[in-house]
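Undergrad: I have a structure here, written as structure tokens, and I will follow up with some questions on it.
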Amino acid sequence: MNILITGSTSGIGFQVLNELKKNKKNNFFLISRKNKKYKKKNNINYYNVNLNNLSSLNNKLNQIKKDSKNKIDLIICCAAESTFGNLEKIRFNDYKKNMNVIFFSHLMIIKKILPLMQKYKYGHIVNISSGAGIVGLEKSSNYSVGKSSMQILIESISKELKKQNIFAKNIFPGPTRTSFFKKNIYIGFKPKIIGKSTESISKIIVKKLFEKKINIFCQKKTMAAYIIKMFPDIF
């Protein structure tokens, strides 16, 4: 199976990759913004690109299509970054940059790779989502806007693609202790890091990658937030 992953060098993406590597038949095409230059290792291909640079990403996707012999079976959209704080403290350019990373880069990846899946009439598109994409949280407007945009995109295209044997889905990890909290900008406060380990959550995610439901939850807390959002009048 040929698998394309963003955000695979840290956090949940890294642990999901480790789980999937246990199957030696899998081939990986990994998009990362790390400056370190990775060399191809057996079934692992690295592509160094900042997802905020959409032009560079487009070129890398052309290379991925060539290297994969025009066949990608699974996309996992995991990369994310954000600036957290009150609206008036976050620069407009930070909103643009983070929307590129969280939303527009993944939109580009999906649009570029989807025709390959349609050719073979098979594929899975996975967005690693967040409760912040369900309910807007204080000081998280930047992150919530990006995550909710991805969530709605997936919900929309899932309805378009399921008859083609291509399944798009949001997987919600729920509260997780991840390195994501260390690499972002926090204006005027420090984040509280709570939740399960990335290792335990990633094992659950991998088990759910090929389910055909649109929204999939790894923890009950995030499922509860989704239910309250969809059916506010019953609470």
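By order in the structure tokens, chains are A, B, ...; within a chain, residues start at 1; ligands start at 1, following the order shown.
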List the neighbours of A:Ile205 out to 12 Å using only C-alpha atoms; skip same-chain residues closer than 4 positions along the sequence, and give me the result as number ranges by chain.
TA: A: 12-13, 15-17, 19-20, 76, 78, 126-129, 169-174, 198-201, 209-211, 216-219
Undergrad: For C-alpha atoms, I'd like the residues from the last selection saved as a PDB file, in the first residue's frame.
TA:
```
ATOM      1  CA  ILE A  12       0.665  11.874  16.400  1.00  0.00           C
ATOM      2  CA  GLY A  13       1.864  11.727  12.793  1.00  0.00           C
ATOM      3  CA  GLN A  15       3.577   7.574  16.006  1.00  0.00           C
ATOM      4  CA  VAL A  16       1.028   6.703  13.301  1.00  0.00           C
ATOM      5  CA  LEU A  17       3.929   6.252  10.893  1.00  0.00           C
ATOM      6  CA  GLU A  19       2.567   1.798  13.672  1.00  0.00           C
ATOM      7  CA  LEU A  20       2.090   1.581   9.910  1.00  0.00           C
ATOM      8  CA  ILE A  76      -3.208  11.060   6.187  1.00  0.00           C
ATOM      9  CA  CYS A  78      -1.787  15.378  10.158  1.00  0.00           C
ATOM     10  CA  VAL A 126      -7.972  10.792   6.529  1.00  0.00           C
ATOM     11  CA  ASN A 127      -7.983  14.127   8.304  1.00  0.00           C
ATOM     12  CA  ILE A 128      -6.599  14.053  11.844  1.00  0.00           C
ATOM     13  CA  SER A 129      -9.051  16.544  13.290  1.00  0.00           C
ATOM     14  CA  LYS A 169     -13.137  10.767   7.060  1.00  0.00           C
ATOM     15  CA  ASN A 170     -12.271  12.883  10.088  1.00  0.00           C
ATOM     16  CA  ILE A 171     -10.577  11.063  12.950  1.00  0.00           C
ATOM     17  CA  PHE A 172     -10.685  12.925  16.270  1.00  0.00           C
ATOM     18  CA  PRO A 173      -7.864  11.815  18.622  1.00  0.00           C
ATOM     19  CA  GLY A 174      -9.233  13.706  21.610  1.00  0.00           C
ATOM     20  CA  THR A 198       0.587   9.819  21.421  1.00  0.00           C
ATOM     21  CA  GLU A 199       1.569   6.151  21.384  1.00  0.00           C
ATOM     22  CA  SER A 200      -1.757   4.913  22.765  1.00  0.00           C
ATOM     23  CA  ILE A 201      -3.858   7.272  20.619  1.00  0.00           C
ATOM     24  CA  LEU A 209      -7.990   4.310   9.266  1.00  0.00           C
ATOM     25  CA  PHE A 210     -10.049   2.149   6.957  1.00  0.00           C
ATOM     26  CA  GLU A 211     -13.455   2.584   8.534  1.00  0.00           C
ATOM     27  CA  ILE A 216     -14.639   8.815  13.940  1.00  0.00           C
ATOM     28  CA  PHE A 217     -13.813   9.423  17.607  1.00  0.00           C
ATOM     29  CA  CYS A 218     -10.970   7.958  19.646  1.00  0.00           C
ATOM     30  CA  GLN A 219     -12.188   9.350  22.977  1.00  0.00           C
TER      31      GLN A 219
END
```
Undergrad: Show which residues sit within 12 Å of A:Lys97, as a PyMOL selection string. Count only C-alpha atoms, and ignore same-chain residues fewer than 2 positions away.
TA: chain A and resi 50-54+80-83+90-95+99-105+142-143+146
Undergrad: Would you write out those residues with C-alpha atoms, as an mmCIF file, in the first residue's frame?
TA:
```cif
data_model
loop_
_atom_site.group_PDB
_atom_site.id
_atom_site.type_symbol
_atom_site.label_atom_id
_atom_site.label_comp_id
_atom_site.auth_asym_id
_atom_site.auth_seq_id
_atom_site.Cartn_x
_atom_site.Cartn_y
_atom_site.Cartn_z
ATOM 1 C CA ASN A 50 7.139 24.003 4.156
ATOM 2 C CA LEU A 51 3.379 23.605 3.743
ATOM 3 C CA ASN A 52 3.033 27.377 3.866
ATOM 4 C CA ASN A 53 4.791 27.437 0.469
ATOM 5 C CA LEU A 54 2.054 26.107 -1.802
ATOM 6 C CA ALA A 80 -0.744 21.565 11.793
ATOM 7 C CA GLU A 81 0.571 24.700 13.424
ATOM 8 C CA SER A 82 -1.022 27.733 15.002
ATOM 9 C CA THR A 83 -0.728 30.949 16.945
ATOM 10 C CA ILE A 90 -2.791 37.525 16.519
ATOM 11 C CA ARG A 91 -1.434 39.061 13.322
ATOM 12 C CA PHE A 92 -3.477 38.753 10.140
ATOM 13 C CA ASN A 93 -0.509 37.126 8.392
ATOM 14 C CA ASP A 94 -0.476 34.406 11.070
ATOM 15 C CA TYR A 95 -4.040 33.520 10.114
ATOM 16 C CA MET A 99 -4.606 28.366 7.121
ATOM 17 C CA ASN A 100 -2.084 27.413 4.439
ATOM 18 C CA VAL A 101 -0.572 24.750 6.692
ATOM 19 C CA ILE A 102 -3.771 23.336 8.172
ATOM 20 C CA PHE A 103 -6.215 23.753 5.281
ATOM 21 C CA PHE A 104 -5.018 24.931 1.857
ATOM 22 C CA SER A 105 -1.970 22.648 1.682
ATOM 23 C CA ASN A 142 -6.664 30.654 14.565
ATOM 24 C CA TYR A 143 -6.440 26.903 15.083
ATOM 25 C CA GLY A 146 -8.314 25.823 10.129
#
```
Undergrad: Quick one: residues within 10 Å of stretch 151-164 of chain A, only C-alpha atoms counted, chain neighbours fewer than 6 positions away excluded, as a ChimeraX atom specification?
TA: /A:103,107,114,117-130,133-134,145,170-172,212-215
Undergrad: Write out, as a compact mmCIF listing (two decimals), in the first residue's frame, the residues just selected, with C-alpha atoms.
TA:
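File produced: part-v7.txt:
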```txt
# COMPACT_ATOMS: atom_id res chain seq x y z
CA PHE A 103 -6.21 23.75 5.28
CA LEU A 107 -6.75 20.76 0.00
CA LEU A 114 -7.63 12.22 -5.85
CA MET A 117 -7.47 7.14 -6.48
CA GLN A 118 -10.30 7.61 -8.96
CA LYS A 119 -8.29 5.79 -11.61
CA TYR A 120 -8.02 2.70 -9.40
CA LYS A 121 -11.48 3.21 -7.84
CA TYR A 122 -10.02 2.89 -4.36
CA GLY A 123 -8.69 5.16 -1.65
CA HIS A 124 -8.92 6.52 1.88
CA ILE A 125 -8.47 10.19 2.81
CA VAL A 126 -7.97 10.79 6.53
CA ASN A 127 -7.98 14.13 8.30
CA ILE A 128 -6.60 14.05 11.84
CA SER A 129 -9.05 16.54 13.29
CA SER A 130 -9.59 18.19 16.67
CA GLY A 133 -12.75 22.20 14.94
CA ILE A 134 -16.11 21.28 16.46
CA VAL A 145 -10.86 28.03 11.90
CA ASN A 170 -12.27 12.88 10.09
CA ILE A 171 -10.58 11.06 12.95
CA PHE A 172 -10.68 12.92 16.27
CA LYS A 212 -16.11 4.04 6.25
CA LYS A 213 -17.79 6.42 8.71
CA ILE A 214 -17.34 10.15 8.14
CA ASN A 215 -16.55 11.23 11.72
```
Undergrad: Output as a ChimeraX atom specification all residues of stretch 6-156 of chain A that backbone DSSP marks as strand (DSSP E or B).
TA: /A:6,27-32,41,44-48,74-77,83-84,123-128
Undergrad: Please produce a file of those selected residues containing N, CA and C atoms, as an mmCIF file, in the first residue's frame.
TA:
```cif
data_model
loop_
_atom_site.group_PDB
_atom_site.id
_atom_site.type_symbol
_atom_site.label_atom_id
_atom_site.label_comp_id
_atom_site.auth_asym_id
_atom_site.auth_seq_id
_atom_site.Cartn_x
_atom_site.Cartn_y
_atom_site.Cartn_z
ATOM 1 N N THR A 6 1.370 13.782 5.988
ATOM 2 C CA THR A 6 1.964 15.060 6.370
ATOM 3 C C THR A 6 2.136 15.076 7.885
ATOM 4 N N ASN A 27 4.489 1.310 1.571
ATOM 5 C CA ASN A 27 5.444 2.282 1.062
ATOM 6 C C ASN A 27 4.994 3.671 1.497
ATOM 7 N N PHE A 28 5.947 4.504 1.938
ATOM 8 C CA PHE A 28 5.589 5.786 2.524
ATOM 9 C C PHE A 28 6.153 6.959 1.721
ATOM 10 N N PHE A 29 5.328 8.000 1.615
ATOM 11 C CA PHE A 29 5.699 9.242 0.950
ATOM 12 C C PHE A 29 5.396 10.349 1.954
ATOM 13 N N LEU A 30 6.450 10.851 2.598
ATOM 14 C CA LEU A 30 6.307 11.691 3.777
ATOM 15 C C LEU A 30 6.683 13.132 3.472
ATOM 16 N N ILE A 31 5.734 14.025 3.716
ATOM 17 C CA ILE A 31 5.955 15.453 3.507
ATOM 18 C C ILE A 31 6.275 16.089 4.852
ATOM 19 N N SER A 32 7.440 16.744 4.940
ATOM 20 C CA SER A 32 7.889 17.319 6.208
ATOM 21 C C SER A 32 8.543 18.668 5.968
ATOM 22 N N LYS A 41 14.925 5.585 2.385
ATOM 23 C CA LYS A 41 15.281 4.371 3.115
ATOM 24 C C LYS A 41 14.294 3.262 2.734
ATOM 25 N N ILE A 44 10.660 4.100 2.359
ATOM 26 C CA ILE A 44 10.313 5.413 2.907
ATOM 27 C C ILE A 44 10.932 6.523 2.057
ATOM 28 N N ASN A 45 10.075 7.426 1.580
ATOM 29 C CA ASN A 45 10.513 8.566 0.769
ATOM 30 C C ASN A 45 10.166 9.857 1.495
ATOM 31 N N TYR A 46 11.160 10.736 1.712
ATOM 32 C CA TYR A 46 10.935 12.011 2.384
ATOM 33 C C TYR A 46 10.944 13.157 1.374
ATOM 34 N N TYR A 47 10.061 14.147 1.611
ATOM 35 C CA TYR A 47 9.996 15.323 0.743
ATOM 36 C C TYR A 47 9.983 16.559 1.644
ATOM 37 N N ASN A 48 11.078 17.306 1.597
ATOM 38 C CA ASN A 48 11.237 18.464 2.459
ATOM 39 C C ASN A 48 10.520 19.668 1.860
ATOM 40 N N LEU A 74 -3.657 5.806 0.390
ATOM 41 C CA LEU A 74 -4.090 6.405 1.654
ATOM 42 C C LEU A 74 -3.388 7.737 1.859
ATOM 43 N N ILE A 75 -4.176 8.775 2.158
ATOM 44 C CA ILE A 75 -3.639 10.082 2.541
ATOM 45 C C ILE A 75 -3.969 10.312 4.005
ATOM 46 N N ILE A 76 -2.974 10.708 4.799
ATOM 47 C CA ILE A 76 -3.208 11.060 6.187
ATOM 48 C C ILE A 76 -2.762 12.510 6.386
ATOM 49 N N CYS A 77 -3.717 13.392 6.622
ATOM 50 C CA CYS A 77 -3.442 14.819 6.799
ATOM 51 C C CYS A 77 -3.287 15.098 8.292
ATOM 52 N N THR A 83 -1.016 29.927 15.954
ATOM 53 C CA THR A 83 -0.728 30.949 16.945
ATOM 54 C C THR A 83 -1.952 31.056 17.831
ATOM 55 N N PHE A 84 -1.775 30.926 19.152
ATOM 56 C CA PHE A 84 -2.881 30.939 20.093
ATOM 57 C C PHE A 84 -2.881 32.233 20.891
ATOM 58 N N GLY A 123 -9.517 4.234 -2.415
ATOM 59 C CA GLY A 123 -8.690 5.159 -1.655
ATOM 60 C C GLY A 123 -9.316 5.542 -0.333
ATOM 61 N N HIS A 124 -8.470 5.996 0.602
ATOM 62 C CA HIS A 124 -8.922 6.520 1.880
ATOM 63 C C HIS A 124 -8.217 7.852 2.126
ATOM 64 N N ILE A 125 -8.986 8.861 2.509
ATOM 65 C CA ILE A 125 -8.465 10.192 2.808
ATOM 66 C C ILE A 125 -8.795 10.483 4.263
ATOM 67 N N VAL A 126 -7.778 10.651 5.090
ATOM 68 C CA VAL A 126 -7.972 10.792 6.529
ATOM 69 C C VAL A 126 -7.484 12.159 6.987
ATOM 70 N N ASN A 127 -8.358 12.875 7.660
ATOM 71 C CA ASN A 127 -7.983 14.127 8.304
ATOM 72 C C ASN A 127 -7.911 13.895 9.803
ATOM 73 N N ILE A 128 -6.723 14.126 10.391
ATOM 74 C CA ILE A 128 -6.599 14.053 11.844
ATOM 75 C C ILE A 128 -7.130 15.374 12.397
#
```
Undergrad: Could you find all residues in chain A that DSSP calls helix (DSSP H, G or I) from the backbone, and write them as a ChimeraX atom specification?
TA: /A:11-20,54-67,87-89,92-120,131-133,141-164,179-182,198-208,220-230,232-234
Undergrad: Calculated over only C-alpha atoms, which of the candidates A:Gly11, A:Pro115, A:Gly131, A:Gly85 has the smallest distance to A:Arg177?
TA: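 When distances to A:Arg177 are compared using only C-alpha atoms, the smallest one comes from A:Gly11.
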Undergrad: Of the candidates A:Ile72, A:Ile109, A:Met1, A:Met223, which one gets nearest to A:Lys60 if we count only C-alpha atoms?
TA: A:Ile109
